[in-house]
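query_7.txt follows; it contains compact mmCIF, C-alpha atoms and all ligand atoms.
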# COMPACT_ATOMS: atom_id res chain seq x y z
CA MET F 43 -16.97 23.21 -62.60
CA HIS F 44 -13.46 24.34 -61.76
CA GLN F 45 -10.99 26.19 -63.94
CA ASN F 46 -9.28 23.04 -65.20
CA GLU F 47 -12.35 20.87 -65.76
CA ILE F 48 -13.34 20.21 -69.33
CA MET F 49 -16.50 21.88 -70.64
CA THR F 50 -18.67 19.91 -73.01
CA PRO F 51 -19.12 21.49 -76.46
CA ALA F 52 -22.72 22.33 -75.53
CA GLU F 53 -21.61 24.03 -72.30
CA THR F 54 -18.91 25.95 -74.18
CA ALA F 55 -21.44 27.12 -76.77
CA GLN F 56 -23.78 28.31 -74.02
CA ALA F 57 -21.03 29.95 -71.99
CA LEU F 58 -19.69 31.91 -74.97
CA GLY F 59 -23.01 33.73 -75.16
CA PHE F 60 -23.08 35.01 -71.57
CA LYS F 61 -22.48 38.77 -71.34
CA PRO F 62 -22.08 40.98 -68.29
CA VAL F 63 -24.43 43.90 -67.79
CA VAL F 64 -22.44 46.16 -65.50
CA VAL F 65 -24.67 48.53 -63.57
CA ARG F 66 -22.28 50.25 -61.16
CA THR F 67 -18.59 50.19 -60.45
CA HIS F 68 -16.23 50.37 -57.55
CA ILE F 69 -12.50 50.75 -57.44
CA SER F 70 -9.90 49.43 -55.06
CA LEU F 71 -6.53 51.07 -54.56
CA PHE F 72 -3.33 50.11 -52.79
CA VAL F 73 -2.35 53.02 -50.54
CA ARG F 74 0.46 53.59 -48.05
CA ASP F 75 -1.86 54.41 -45.14
CA PRO F 76 -5.52 53.35 -45.51
CA GLU F 77 -6.73 55.29 -42.45
CA ALA F 78 -4.99 58.51 -43.49
CA SER F 79 -6.17 58.13 -47.09
CA ALA F 80 -9.72 57.42 -45.88
CA GLN F 81 -9.74 60.74 -44.05
CA TRP F 82 -8.50 62.42 -47.22
CA PHE F 83 -11.22 60.82 -49.40
CA ALA F 84 -13.90 61.60 -46.82
CA ASP F 85 -12.81 65.22 -46.89
CA ILE F 86 -12.04 65.79 -50.57
CA LEU F 87 -14.66 63.55 -52.19
CA ASN F 88 -17.34 63.92 -49.51
CA MET F 89 -17.34 60.16 -48.87
CA LYS F 90 -18.47 58.19 -45.82
CA ILE F 91 -16.49 55.34 -44.27
CA THR F 92 -18.70 52.23 -44.33
CA ALA F 93 -16.35 49.47 -43.17
CA ARG F 94 -12.84 48.90 -42.01
CA GLY F 95 -10.59 45.96 -41.35
CA PRO F 96 -7.04 45.58 -40.14
CA GLN F 97 -5.58 46.44 -43.56
CA TRP F 98 -8.34 48.27 -45.38
CA VAL F 99 -11.02 50.96 -45.28
CA PHE F 100 -14.15 51.02 -47.47
CA LEU F 101 -15.94 54.24 -48.40
CA SER F 102 -19.19 55.19 -50.09
CA PHE F 103 -20.48 58.20 -52.02
CA GLY F 104 -23.65 57.71 -50.00
CA ARG F 105 -25.79 55.25 -51.91
CA LYS F 106 -23.88 51.98 -52.09
CA HIS F 107 -22.16 49.99 -49.35
CA HIS F 108 -18.89 50.91 -51.01
CA ASP F 109 -17.56 52.72 -54.04
CA LEU F 110 -13.92 52.75 -53.01
CA ALA F 111 -11.69 50.35 -51.11
CA LEU F 112 -8.32 51.43 -49.78
CA ILE F 113 -5.95 48.55 -49.17
CA GLN F 114 -2.65 48.64 -47.33
CA ALA F 115 0.16 48.53 -49.91
CA ALA F 116 3.32 46.53 -49.41
CA GLU F 117 6.18 48.32 -47.67
CA GLY F 118 8.10 50.46 -50.16
CA ALA F 119 5.51 50.08 -52.96
CA ALA F 120 5.68 52.82 -55.61
CA GLN F 121 3.57 54.05 -58.53
CA GLY F 122 4.39 52.31 -61.80
CA GLY F 123 3.72 52.87 -65.47
CA LEU F 124 1.06 50.18 -65.82
CA GLY F 125 -2.40 50.04 -64.31
CA LEU F 126 -4.71 52.86 -63.33
CA GLN F 127 -4.25 56.05 -65.35
CA HIS F 128 -7.09 57.94 -63.70
CA TYR F 129 -10.53 57.34 -62.26
CA GLY F 130 -13.24 59.74 -63.45
CA LEU F 131 -15.95 61.10 -61.17
CA GLU F 132 -18.86 62.78 -62.92
CA ILE F 133 -20.07 65.55 -60.67
CA GLN F 134 -23.49 67.03 -60.30
CA GLY F 135 -23.53 70.54 -61.69
CA ASP F 136 -22.18 72.70 -64.47
CA LEU F 137 -18.84 74.32 -65.25
CA ASP F 138 -19.28 76.81 -62.40
CA GLU F 139 -19.64 73.92 -59.96
CA LEU F 140 -16.44 72.41 -61.38
CA ARG F 141 -14.77 75.80 -60.85
CA ARG F 142 -15.90 75.79 -57.21
CA LEU F 143 -14.44 72.32 -56.74
CA TYR F 144 -11.23 73.62 -58.31
CA ALA F 145 -11.18 76.33 -55.63
CA MET F 146 -11.82 73.70 -52.94
CA LEU F 147 -8.91 71.54 -54.17
CA LEU F 148 -6.62 74.57 -54.16
CA ALA F 149 -7.79 75.60 -50.70
CA LYS F 150 -7.10 72.08 -49.40
CA GLN F 151 -3.72 72.02 -51.12
CA VAL F 152 -4.57 69.04 -53.29
CA LYS F 153 -2.22 68.57 -56.23
CA VAL F 154 -4.14 69.62 -59.35
CA VAL F 155 -2.64 68.11 -62.51
CA LYS F 156 -4.53 69.77 -65.37
CA THR F 157 -7.85 71.02 -66.69
CA THR F 158 -9.14 69.82 -70.05
CA ASP F 159 -11.94 70.26 -72.55
CA HIS F 160 -13.38 66.92 -73.72
CA LYS F 161 -16.07 68.50 -75.97
CA VAL F 162 -18.64 66.47 -74.04
CA GLY F 163 -17.57 68.07 -70.77
CA TYR F 164 -14.72 69.52 -68.77
CA GLY F 165 -12.17 67.61 -66.72
CA LEU F 166 -10.28 68.64 -63.61
CA TYR F 167 -7.53 66.18 -62.70
CA PHE F 168 -5.95 65.85 -59.28
CA GLU F 169 -3.99 63.37 -57.19
CA ASP F 170 -4.63 61.58 -53.92
CA PRO F 171 -1.87 61.40 -51.28
CA ASP F 172 -0.31 58.38 -53.05
CA GLY F 173 -0.31 59.98 -56.50
CA ASN F 174 -3.39 58.14 -57.81
CA ARG F 175 -5.02 60.41 -60.35
CA PHE F 176 -8.71 61.29 -60.20
CA GLU F 177 -10.84 63.46 -62.43
CA PHE F 178 -13.86 65.53 -61.58
CA PHE F 179 -15.78 65.97 -64.78
CA SER F 180 -18.73 68.12 -65.56
CA GLU F 181 -20.76 67.06 -68.57
CA SER F 182 -21.61 69.85 -71.00
CA ILE F 183 -23.67 67.43 -73.11
CA THR F 184 -26.10 65.72 -70.81
CA ASP F 185 -27.84 63.53 -73.40
CA ASP F 186 -25.84 60.25 -73.42
CA GLU F 187 -26.56 59.40 -77.08
CA GLU F 188 -25.47 62.87 -78.16
CA GLY F 189 -22.40 62.52 -75.92
CA LYS F 190 -21.37 59.27 -77.63
CA ARG F 191 -21.77 60.87 -81.04
CA VAL F 192 -19.74 63.97 -80.17
CA LEU F 193 -16.97 62.01 -78.40
CA GLY F 194 -16.53 59.73 -81.41
CA GLU F 195 -16.73 62.56 -83.91
CA HIS F 196 -13.95 64.47 -82.13
CA HIS F 197 -11.84 61.33 -81.41
CA ALA F 198 -12.15 61.63 -77.62
CA PRO F 199 -10.35 64.96 -77.32
CA SER F 200 -8.51 66.07 -74.21
CA GLU F 201 -7.44 69.63 -74.92
CA PRO F 202 -5.82 71.80 -72.27
CA ILE F 203 -8.09 74.65 -71.25
CA VAL F 204 -7.70 77.39 -68.68
CA ILE F 205 -10.45 77.10 -66.09
CA ASP F 206 -10.41 79.66 -63.30
CA PRO F 207 -11.39 78.69 -59.78
CA LEU F 208 -14.64 80.24 -58.58
CA TYR F 209 -14.96 81.41 -55.00
CA THR F 210 -18.66 82.18 -54.75
FE FE E 301 -11.55 60.73 -67.73

Would you mind giving the structure from this file in structure tokens?
Ligand SMILES: [Fe+2]
Amino acid sequence: MHQNEIMTPAETAQALGFKPVVVRTHISLFVRDPEASAQWFADILNMKITARGPQWVFLSFGRKHHDLALIQAAEGAAQGGLGLQHYGLEIQGDLDELRRLYAMLLAKQVKVVKTTDHKVGYGLYFEDPDGNRFEFFSESITDDEEGKRVLGEHHAPSEPIVIDPLYT
């Protein structure tokens, strides 16, 4: 079956009922310099390079073959207003661990955008060398059902909050 072949009514009825069950995700980004960005992600996000090709580098958080792909962007490509807003990375650990990562970002001169209270956790937003925005977030509500309830009840809040870096 190709895109422009006609489905029978029975096939259409069956196909309409198929639903994805997504178990894990990966993201792929256009970057100006995949090798340079790969070094940055290895350093800042503690990732390992798992594969590379002439125009790309793949990295892993340690479990999967890849969680991130960095692809060579076209010459002169720039950030636009559509597409990725940010990619969230739930970290292991509490608010103090988030504060330590804040200190690490500052020490490595990573551009930190903002810190926010989401009621279900705290967010620390920063940018990669191409201006792609990432978020470290530390969950304050660890029960997922409770987290869904609280997020909905508060209309997915993102309130600015002062979080101080922690150096110990
Ligand atoms: Fe987020």

Open item on the list: Distance limit 8 Å, reference ligand FE 301 (chain E), atoms considered: only C-alpha atoms and all ligand atoms. Which residues make the cut? Give them as number ranges by chain.
Closed with: F: 128-131, 165, 177, 179

TODO: Using all atoms listed in the file, pick whichever of F:Val73, F:Ile205, F:Ala145, F:Ala52 has the shortest atom-to-atom distance to Ala115 of chain F.
DONE: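 Residue with the minimum atom-to-atom distance to Ala115 of chain F: F:Val73.
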
Open item on the list: I'd like to know which of F:Val162, F:Leu71, F:Ala80, F:Val154 is closest to Leu126 of chain F, using all atoms listed in the file.
Closed with: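 Of all the options, F:Leu71 lies closest to Leu126 of chain F.
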
- [ ] Excluding segment 100-105 of chain F and residues on its chain fewer than 2 positions from it, collect all residues at most 8 Å away from it, counting only C-alpha atoms, and give them as a PyMOL selection string.
- [x] chain F and resi 80+84+87-94+98+107-112

TODO: State, in Å with one decimal place, the distance from atom CA of Glu181 of chain F to atom CA of Pro199 of chain F.
DONE: 13.8 Å

- [ ] May I have the residues within 7 Å of His160 of chain F as number ranges by chain, using only C-alpha atoms and disregarding those fewer than 6 positions away in the same chain?
- [x] F: 198-201

Task: Which residue of F:Asp159, F:Leu143, F:Val99, F:Gly135 approaches Ser70 of chain F most closely, using all atoms listed in the file - done: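 Smallest separation from Ser70 of chain F among the options: F:Val99.
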
TODO: Select all residues near (-1.2, 59.4, -53.4) (cut-off 12 Å, inclusive, file coordinates), counting all atoms listed in the file, and output them as a ChimeraX atom specification.
DONE: /F:71-76,78-80,82-83,112,115,119-121,128,152-153,168-176

Open item on the list: Please compute the atom CA of Pro62 of chain F-atom CA of Gly123 of chain F distance, one decimal, in Å.
Closed with: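 It comes out at 28.5 Å.
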
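Proximity ranking of F:Glu132, F:Asp206, F:Ile183, F:Pro96 relative to Lys156 of chain F places F:Asp206 first, based on all atoms listed in the file.
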
Task: Å distance separating atom CA of Ala149 of chain F from atom CA of Gly163 of chain F, one decimal place - done: 23.6 Å

Using the file's own x, y and z axes, so that the box edges lie along x, y and z, what centre and edge lengths in Å (one decimal) does a box around every listed atom of segment 112-123 of chain F get when 3 Å is added on each side? Give it as JSON.
{"center_x": -0.1, "center_y": 50.3, "center_z": -56.4, "size_x": 22.4, "size_y": 13.5, "size_z": 24.1}

- [ ] Give the answer as one residue: which of F:Gly189, F:Lys106, F:Ile113, F:Gly95 has the shortest atom-to-atom distance to Thr67 of chain F, using only C-alpha atoms?
- [x] F:Lys106
